[in-house]
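Peer 1: Got a structure for you, written out below as structure tokens; questions coming shortly.
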There are 2 protein chains.
Amino acid sequence: MTQSRQQLVAGAADMLRRRGLNATSIREVAKHAQAPLGSTYHYFPGGKQQLATEAVRWASDTVAEILRAKLKAGPVDGLRGFLALWREIITGNDFEAGCTVVAVSIEADSTALAAAADAFSTWEEILADSLRSHGAENAEQLATLIVASVEGAVVLCRAQRSAVPLERVGAQLEDLVRAATR
Amino acid sequence: MTQSRQQLVAGAADMLRRRGLNATSIREVAKHAQAPLGSTYHYFPGGKQQLATEAVRWASDTVAEILRAKLKAGPVDGLRGFLALWREIITGNDFEAGCTVVAVSIEADSTALAAAADAFSTWEEILADSLRSHGAENAEQLATLIVASVEGAVVLCRAQRSAVPLERVGAQLEDLVRAATR
């Protein structure tokens, strides 16, 4: 990917996690990424649909890479890395940014829905593989609980403008992961 | 509340949970509720901001009422009622409707953010009170985990067009609530 194409995809992901799908336009993404509008249409002939789908895939890959790296030290460290990632997004953006994948999942006629489904499944599988290899029963259930509760906590944090929901969920999940992989 | 005012608030809540805040307009809400546009501006002089805030409060009260009723039979039954409510919204709308409160929480400059924060806090408190009165330690933590994970699961269900995330989260939460209130 060329640098400017990459900047547009990352810029779109950032706009989506702040404003949602409907409020994100190709024009605004170009402005946000300080790229000429023409280059945006050149790189993304499929328009907003294509850009949103690529933004979700990019966000998915970014999180998956961090998850895989942190899980090398075990499921508890992996969970902590996952929580730290979201805490940084939330607190580093004054509670005004959340998850790109959630943003495209909750609007009717979302064109990036298949990419969003893949993103959640990928994260769930990465977590389930680690939990299973460390002896957890119900690894799939626990992995889904981790992804769902952390994503939900990020939404609660934005509404309440506080990191407390993520801290509470993190404490509960860490107990569960420890117990399941003992 | 007069019947037509009530219809507009419920209609707005329904549009928000399907399309998100940005894609919801006063004009569309009036059309959706089959109400004249003039009556909408008459009832909601504060425009979309006022309507979205009232829609969130209405959704909050509706869920709180069901939660309180179901929790009378104990925390496990309360949890099951909460899960059943979301399962019905998800599967009864072909995975194209989610939570009104989540919808207004994840868009920048959301004017209904304070009402959304109150909604989540209210549900957390109702659950925590029940858990605490049934002997749970860390009742607040567990209550936040329930709200966050169920809300997150609803998002996963929409993306994956499947009720599996909610079923997995429900099974994990029921084990936790049983263990905490034993």
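Within each chain, counting starts at residue 1; across the structure tokens, chains are named A, B, ... in the order shown, with ligands numbered 1 upward in that order.
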I'd like the superposed chain A, fitted onto chain B by least squares over all Cα atoms in order, as a compact mmCIF listing (two decimals) with C-alpha atoms, in the first residue's frame.
Peer 2:
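Dumped to superposed.txt:
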# COMPACT_ATOMS: atom_id res chain seq x y z
CA MET A 1 -47.79 12.16 27.50
CA THR A 2 -50.36 12.32 24.71
CA GLN A 3 -50.60 9.32 22.45
CA SER A 4 -49.09 10.98 19.39
CA ARG A 5 -46.23 12.49 21.39
CA GLN A 6 -45.56 9.03 22.83
CA GLN A 7 -45.63 7.52 19.33
CA LEU A 8 -43.01 10.00 18.15
CA VAL A 9 -40.69 9.23 21.07
CA ALA A 10 -41.05 5.46 20.55
CA GLY A 11 -40.59 5.93 16.80
CA ALA A 12 -37.41 7.93 17.35
CA ALA A 13 -36.07 5.24 19.70
CA ASP A 14 -36.76 2.62 17.04
CA MET A 15 -35.06 4.62 14.28
CA LEU A 16 -32.04 5.29 16.50
CA ARG A 17 -31.53 1.62 17.32
CA ARG A 18 -31.69 0.76 13.59
CA ARG A 19 -29.85 3.61 11.88
CA GLY A 20 -27.85 5.49 14.48
CA LEU A 21 -28.06 9.12 15.55
CA ASN A 22 -26.67 10.81 12.48
CA ALA A 23 -29.05 9.08 10.06
CA THR A 24 -32.10 9.92 12.20
CA SER A 25 -33.88 13.16 11.28
CA ILE A 26 -37.02 14.78 12.68
CA ARG A 27 -38.58 14.48 9.23
CA GLU A 28 -37.87 10.75 9.03
CA VAL A 29 -39.14 10.18 12.57
CA ALA A 30 -42.44 11.90 11.72
CA LYS A 31 -42.76 9.75 8.60
CA HIS A 32 -41.82 6.58 10.51
CA ALA A 33 -44.44 7.36 13.20
CA GLN A 34 -46.98 8.47 10.53
CA ALA A 35 -47.33 11.81 12.30
CA PRO A 36 -47.59 15.25 10.66
CA LEU A 37 -44.24 17.06 10.65
CA GLY A 38 -45.84 20.11 12.29
CA SER A 39 -46.87 18.13 15.36
CA THR A 40 -43.30 16.91 15.73
CA TYR A 41 -41.97 20.47 15.92
CA HIS A 42 -44.87 21.37 18.20
CA TYR A 43 -44.04 18.58 20.67
CA PHE A 44 -40.26 18.92 20.36
CA PRO A 45 -39.34 22.59 20.02
CA GLY A 46 -35.75 21.60 20.86
CA GLY A 47 -35.67 19.59 17.62
CA LYS A 48 -33.61 16.46 17.14
CA GLN A 49 -31.60 17.00 20.33
CA GLN A 50 -34.71 16.98 22.47
CA LEU A 51 -36.29 14.07 20.61
CA ALA A 52 -33.13 11.92 20.83
CA THR A 53 -32.76 12.65 24.54
CA GLU A 54 -36.39 11.71 25.22
CA ALA A 55 -36.05 8.58 23.06
CA VAL A 56 -33.04 7.45 25.11
CA ARG A 57 -34.90 8.11 28.38
CA TRP A 58 -37.88 6.17 27.07
CA ALA A 59 -35.67 3.20 26.06
CA SER A 60 -33.91 3.41 29.42
CA ASP A 61 -37.20 3.33 31.35
CA THR A 62 -38.58 0.47 29.25
CA VAL A 63 -35.54 -1.73 29.92
CA ALA A 64 -35.37 -0.70 33.60
CA GLU A 65 -39.01 -1.66 34.11
CA ILE A 66 -38.51 -5.12 32.60
CA LEU A 67 -35.28 -5.62 34.59
CA ARG A 68 -36.96 -4.69 37.90
CA ALA A 69 -39.93 -6.97 37.19
CA LYS A 70 -37.77 -9.98 36.26
CA LEU A 71 -35.35 -9.46 39.17
CA LYS A 72 -38.21 -9.97 41.64
CA ALA A 73 -37.71 -13.72 41.09
CA GLY A 74 -33.95 -13.35 41.81
CA PRO A 75 -30.74 -12.41 39.98
CA VAL A 76 -30.63 -15.46 37.68
CA ASP A 77 -34.20 -14.86 36.49
CA GLY A 78 -33.46 -11.17 36.13
CA LEU A 79 -30.42 -11.93 33.98
CA ARG A 80 -32.47 -14.32 31.86
CA GLY A 81 -35.15 -11.67 31.37
CA PHE A 82 -32.51 -9.13 30.33
CA LEU A 83 -31.01 -11.59 27.83
CA ALA A 84 -34.44 -12.58 26.47
CA LEU A 85 -35.30 -8.91 25.89
CA TRP A 86 -32.22 -8.36 23.73
CA ARG A 87 -32.54 -11.70 21.96
CA GLU A 88 -36.07 -10.71 20.93
CA ILE A 89 -34.94 -7.30 19.64
CA ILE A 90 -32.12 -8.89 17.64
CA THR A 91 -33.89 -11.92 16.18
CA GLY A 92 -37.30 -10.22 15.86
CA ASN A 93 -35.78 -7.56 13.60
CA ASP A 94 -33.63 -9.80 11.43
CA PHE A 95 -30.46 -8.51 13.15
CA GLU A 96 -31.18 -4.96 11.95
CA ALA A 97 -32.03 -3.36 15.30
CA GLY A 98 -29.89 -3.00 18.39
CA CYS A 99 -29.81 -0.67 21.38
CA THR A 100 -30.99 2.95 21.22
CA VAL A 101 -28.65 3.90 24.07
CA VAL A 102 -25.57 2.45 22.35
CA ALA A 103 -26.53 4.24 19.12
CA VAL A 104 -26.35 7.70 20.73
CA SER A 105 -23.20 6.86 22.74
CA ILE A 106 -20.77 6.36 19.88
CA GLU A 107 -21.13 9.47 17.75
CA ALA A 108 -19.11 12.61 18.40
CA ASP A 109 -21.18 15.61 19.54
CA SER A 110 -24.02 13.35 20.57
CA THR A 111 -26.54 15.56 22.32
CA ALA A 112 -28.17 12.68 24.15
CA LEU A 113 -24.94 11.52 25.80
CA ALA A 114 -25.96 12.50 29.34
CA ALA A 115 -29.22 10.56 28.96
CA ALA A 116 -27.23 7.56 27.67
CA ALA A 117 -24.86 7.70 30.64
CA ASP A 118 -27.88 7.77 32.97
CA ALA A 119 -29.46 4.79 31.20
CA PHE A 120 -26.39 2.58 31.59
CA SER A 121 -25.93 3.68 35.23
CA THR A 122 -29.58 2.95 36.02
CA TRP A 123 -29.39 -0.58 34.60
CA GLU A 124 -26.08 -1.20 36.38
CA GLU A 125 -27.54 -0.03 39.72
CA ILE A 126 -30.71 -2.12 39.39
CA LEU A 127 -28.59 -5.23 38.72
CA ALA A 128 -26.04 -4.40 41.44
CA ASP A 129 -28.80 -3.90 44.06
CA SER A 130 -30.27 -7.30 43.29
CA LEU A 131 -26.88 -9.05 43.25
CA ARG A 132 -25.85 -7.37 46.54
CA SER A 133 -29.11 -8.29 48.27
CA HIS A 134 -28.49 -11.92 47.21
CA GLY A 135 -25.03 -11.93 48.81
CA ALA A 136 -22.78 -11.16 45.84
CA GLU A 137 -19.41 -9.59 46.56
CA ASN A 138 -18.24 -7.19 43.86
CA ALA A 139 -21.88 -6.64 42.91
CA GLU A 140 -21.02 -3.38 41.08
CA GLN A 141 -18.29 -5.06 39.02
CA LEU A 142 -20.54 -7.95 38.05
CA ALA A 143 -23.44 -5.61 37.20
CA THR A 144 -21.18 -3.56 34.91
CA LEU A 145 -19.90 -6.77 33.28
CA ILE A 146 -23.50 -7.84 32.60
CA VAL A 147 -24.53 -4.54 31.00
CA ALA A 148 -21.29 -4.16 29.00
CA SER A 149 -21.14 -7.75 27.75
CA VAL A 150 -24.81 -7.93 26.77
CA GLU A 151 -24.57 -4.59 24.93
CA GLY A 152 -21.37 -5.74 23.24
CA ALA A 153 -22.94 -9.09 22.34
CA VAL A 154 -25.87 -7.28 20.68
CA VAL A 155 -23.34 -5.45 18.46
CA LEU A 156 -21.56 -8.74 17.62
CA CYS A 157 -24.93 -10.36 16.83
CA ARG A 158 -25.78 -7.57 14.37
CA ALA A 159 -22.42 -7.83 12.61
CA GLN A 160 -22.40 -11.62 12.48
CA ARG A 161 -26.15 -11.88 11.84
CA SER A 162 -26.35 -14.59 14.46
CA ALA A 163 -27.62 -14.92 18.04
CA VAL A 164 -24.60 -17.03 19.02
CA PRO A 165 -22.63 -14.19 20.72
CA LEU A 166 -25.60 -13.44 22.99
CA GLU A 167 -26.04 -17.16 23.80
CA ARG A 168 -22.35 -17.56 24.69
CA VAL A 169 -22.28 -14.41 26.81
CA GLY A 170 -25.53 -15.45 28.51
CA ALA A 171 -24.15 -18.88 29.45
CA GLN A 172 -20.99 -17.32 30.94
CA LEU A 173 -22.95 -14.66 32.84
CA GLU A 174 -25.42 -17.16 34.26
CA ASP A 175 -22.55 -19.25 35.67
CA LEU A 176 -21.06 -16.11 37.21
CA VAL A 177 -24.32 -14.91 38.75
CA ARG A 178 -25.05 -18.37 40.17
CA ALA A 179 -21.56 -18.60 41.69
CA ALA A 180 -21.71 -15.05 43.12
CA THR A 181 -25.14 -15.48 44.73
CA ARG A 182 -24.76 -19.05 45.95
Peer 1: Can you list every residue in chain A that DSSP puts in helix (DSSP H, G or I), as a CSV table (one decimal) with C-alpha atoms, in the first residue's frame?
Peer 2:
chain,number,residue,atom,x,y,z
A,3,GLN,CA,1.8,5.8,2.0
A,4,SER,CA,-1.0,8.2,1.0
A,5,ARG,CA,-3.4,5.3,0.4
A,6,GLN,CA,-2.5,4.0,3.8
A,7,GLN,CA,-3.1,7.4,5.4
A,8,LEU,CA,-6.6,7.5,3.9
A,9,VAL,CA,-7.5,4.1,5.2
A,10,ALA,CA,-6.2,5.0,8.7
A,11,GLY,CA,-7.9,8.4,8.5
A,12,ALA,CA,-11.2,6.7,7.6
A,13,ALA,CA,-10.8,4.3,10.5
A,14,ASP,CA,-10.2,7.2,12.9
A,15,MET,CA,-13.3,9.1,11.6
A,16,LEU,CA,-15.5,6.0,11.8
A,17,ARG,CA,-14.6,5.3,15.4
A,18,ARG,CA,-15.3,9.0,16.3
A,19,ARG,CA,-18.4,9.9,14.3
A,26,ILE,CA,-15.1,10.6,1.4
A,27,ARG,CA,-14.7,14.3,1.3
A,28,GLU,CA,-14.3,14.6,5.1
A,29,VAL,CA,-11.8,11.6,5.1
A,30,ALA,CA,-9.7,13.3,2.5
A,31,LYS,CA,-9.7,16.5,4.5
A,32,HIS,CA,-9.0,14.7,7.7
A,37,LEU,CA,-10.0,14.6,-3.0
A,38,GLY,CA,-9.0,13.3,-6.4
A,39,SER,CA,-6.5,10.8,-5.0
A,40,THR,CA,-9.2,9.5,-2.7
A,41,TYR,CA,-11.4,8.6,-5.7
A,42,HIS,CA,-8.4,7.3,-7.5
A,43,TYR,CA,-7.5,4.9,-4.7
A,47,GLY,CA,-16.3,5.1,-2.9
A,48,LYS,CA,-17.3,5.2,0.7
A,49,GLN,CA,-18.3,1.5,0.7
A,50,GLN,CA,-14.8,0.4,-0.3
A,51,LEU,CA,-13.1,2.9,2.0
A,52,ALA,CA,-15.2,1.8,5.1
A,53,THR,CA,-14.6,-1.9,4.3
A,54,GLU,CA,-10.8,-1.3,4.1
A,55,ALA,CA,-10.8,0.8,7.2
A,56,VAL,CA,-12.5,-2.0,9.2
A,57,ARG,CA,-10.0,-4.5,7.8
A,58,TRP,CA,-7.2,-2.2,8.8
A,59,ALA,CA,-8.6,-1.8,12.3
A,60,SER,CA,-9.2,-5.5,12.6
A,61,ASP,CA,-5.6,-6.3,11.6
A,62,THR,CA,-4.1,-3.7,13.9
A,63,VAL,CA,-6.0,-5.1,16.9
A,64,ALA,CA,-5.3,-8.7,15.9
A,65,GLU,CA,-1.5,-8.0,15.6
A,66,ILE,CA,-1.4,-6.5,19.1
A,67,LEU,CA,-3.5,-9.4,20.5
A,68,ARG,CA,-1.3,-12.1,19.0
A,69,ALA,CA,1.9,-10.3,20.3
A,70,LYS,CA,0.6,-9.9,23.8
A,71,LEU,CA,-0.8,-13.4,24.0
A,75,PRO,CA,-3.8,-15.4,28.2
A,76,VAL,CA,-3.7,-13.1,31.2
A,77,ASP,CA,-1.0,-10.9,29.6
A,78,GLY,CA,-3.0,-11.0,26.3
A,79,LEU,CA,-6.1,-9.9,28.1
A,80,ARG,CA,-4.2,-7.1,29.8
A,81,GLY,CA,-2.8,-6.0,26.4
A,82,PHE,CA,-6.3,-6.0,24.9
A,83,LEU,CA,-7.6,-3.9,27.8
A,84,ALA,CA,-4.7,-1.5,27.7
A,85,LEU,CA,-5.2,-0.9,24.0
A,86,TRP,CA,-8.8,0.2,24.5
A,87,ARG,CA,-8.1,2.2,27.6
A,88,GLU,CA,-5.5,4.2,25.6
A,89,ILE,CA,-8.0,4.8,22.8
A,90,ILE,CA,-10.7,5.9,25.2
A,91,THR,CA,-8.6,8.1,27.6
A,92,GLY,CA,-6.2,9.3,24.9
A,100,THR,CA,-14.2,1.4,14.2
A,101,VAL,CA,-15.7,-2.1,14.0
A,102,VAL,CA,-18.6,-1.3,16.4
A,103,ALA,CA,-19.3,1.9,14.5
A,104,VAL,CA,-20.0,0.1,11.2
A,105,SER,CA,-21.9,-2.7,12.9
A,113,LEU,CA,-20.9,-5.4,7.8
A,114,ALA,CA,-19.1,-8.5,6.5
A,115,ALA,CA,-15.7,-7.0,7.3
A,116,ALA,CA,-17.0,-6.2,10.8
A,117,ALA,CA,-18.2,-9.8,11.3
A,118,ASP,CA,-14.8,-11.0,10.2
A,119,ALA,CA,-13.0,-8.7,12.6
A,120,PHE,CA,-15.0,-9.8,15.7
A,121,SER,CA,-14.6,-13.5,14.6
A,122,THR,CA,-10.8,-13.1,14.2
A,123,TRP,CA,-10.4,-11.6,17.6
A,124,GLU,CA,-12.6,-14.2,19.2
A,125,GLU,CA,-10.6,-17.0,17.5
A,126,ILE,CA,-7.2,-15.6,18.5
A,127,LEU,CA,-8.4,-15.4,22.1
A,128,ALA,CA,-10.0,-18.8,22.1
A,129,ASP,CA,-6.9,-20.5,20.6
A,130,SER,CA,-4.8,-19.1,23.4
A,131,LEU,CA,-7.3,-20.0,26.1
A,132,ARG,CA,-7.7,-23.5,24.8
A,133,SER,CA,-3.9,-24.1,24.5
A,139,ALA,CA,-12.6,-21.3,25.4
A,140,GLU,CA,-15.0,-20.1,22.7
A,141,GLN,CA,-17.6,-18.9,25.2
A,142,LEU,CA,-15.0,-17.1,27.3
A,143,ALA,CA,-13.3,-15.5,24.2
A,144,THR,CA,-16.7,-14.2,23.0
A,145,LEU,CA,-17.4,-12.8,26.5
A,146,ILE,CA,-14.0,-11.0,26.4
A,147,VAL,CA,-14.6,-9.4,23.0
A,148,ALA,CA,-18.3,-8.5,23.7
A,149,SER,CA,-17.7,-7.1,27.2
A,150,VAL,CA,-14.7,-5.0,26.3
A,151,GLU,CA,-16.5,-3.6,23.3
A,152,GLY,CA,-19.5,-2.9,25.4
A,153,ALA,CA,-17.4,-1.3,28.1
A,154,VAL,CA,-15.8,1.0,25.6
A,155,VAL,CA,-19.4,2.2,24.7
A,156,LEU,CA,-20.2,2.7,28.4
A,157,CYS,CA,-16.9,4.6,28.9
A,158,ARG,CA,-17.8,7.0,26.1
A,159,ALA,CA,-21.3,7.7,27.4
A,160,GLN,CA,-20.2,8.0,31.0
A,164,VAL,CA,-14.5,2.9,35.3
A,165,PRO,CA,-16.6,0.5,33.1
A,166,LEU,CA,-13.4,-0.8,31.4
A,167,GLU,CA,-11.7,-1.2,34.8
A,168,ARG,CA,-14.6,-3.2,36.3
A,169,VAL,CA,-14.9,-5.4,33.2
A,170,GLY,CA,-11.2,-6.0,33.1
A,171,ALA,CA,-11.0,-7.0,36.8
A,172,GLN,CA,-13.9,-9.5,36.3
A,173,LEU,CA,-12.4,-10.9,33.1
A,174,GLU,CA,-8.9,-11.3,34.6
A,175,ASP,CA,-10.4,-13.4,37.4
A,176,LEU,CA,-12.2,-15.5,34.9
A,177,VAL,CA,-9.2,-16.1,32.7
A,178,ARG,CA,-7.0,-17.0,35.7
A,179,ALA,CA,-9.6,-19.5,36.9
A,180,ALA,CA,-10.1,-21.0,33.5
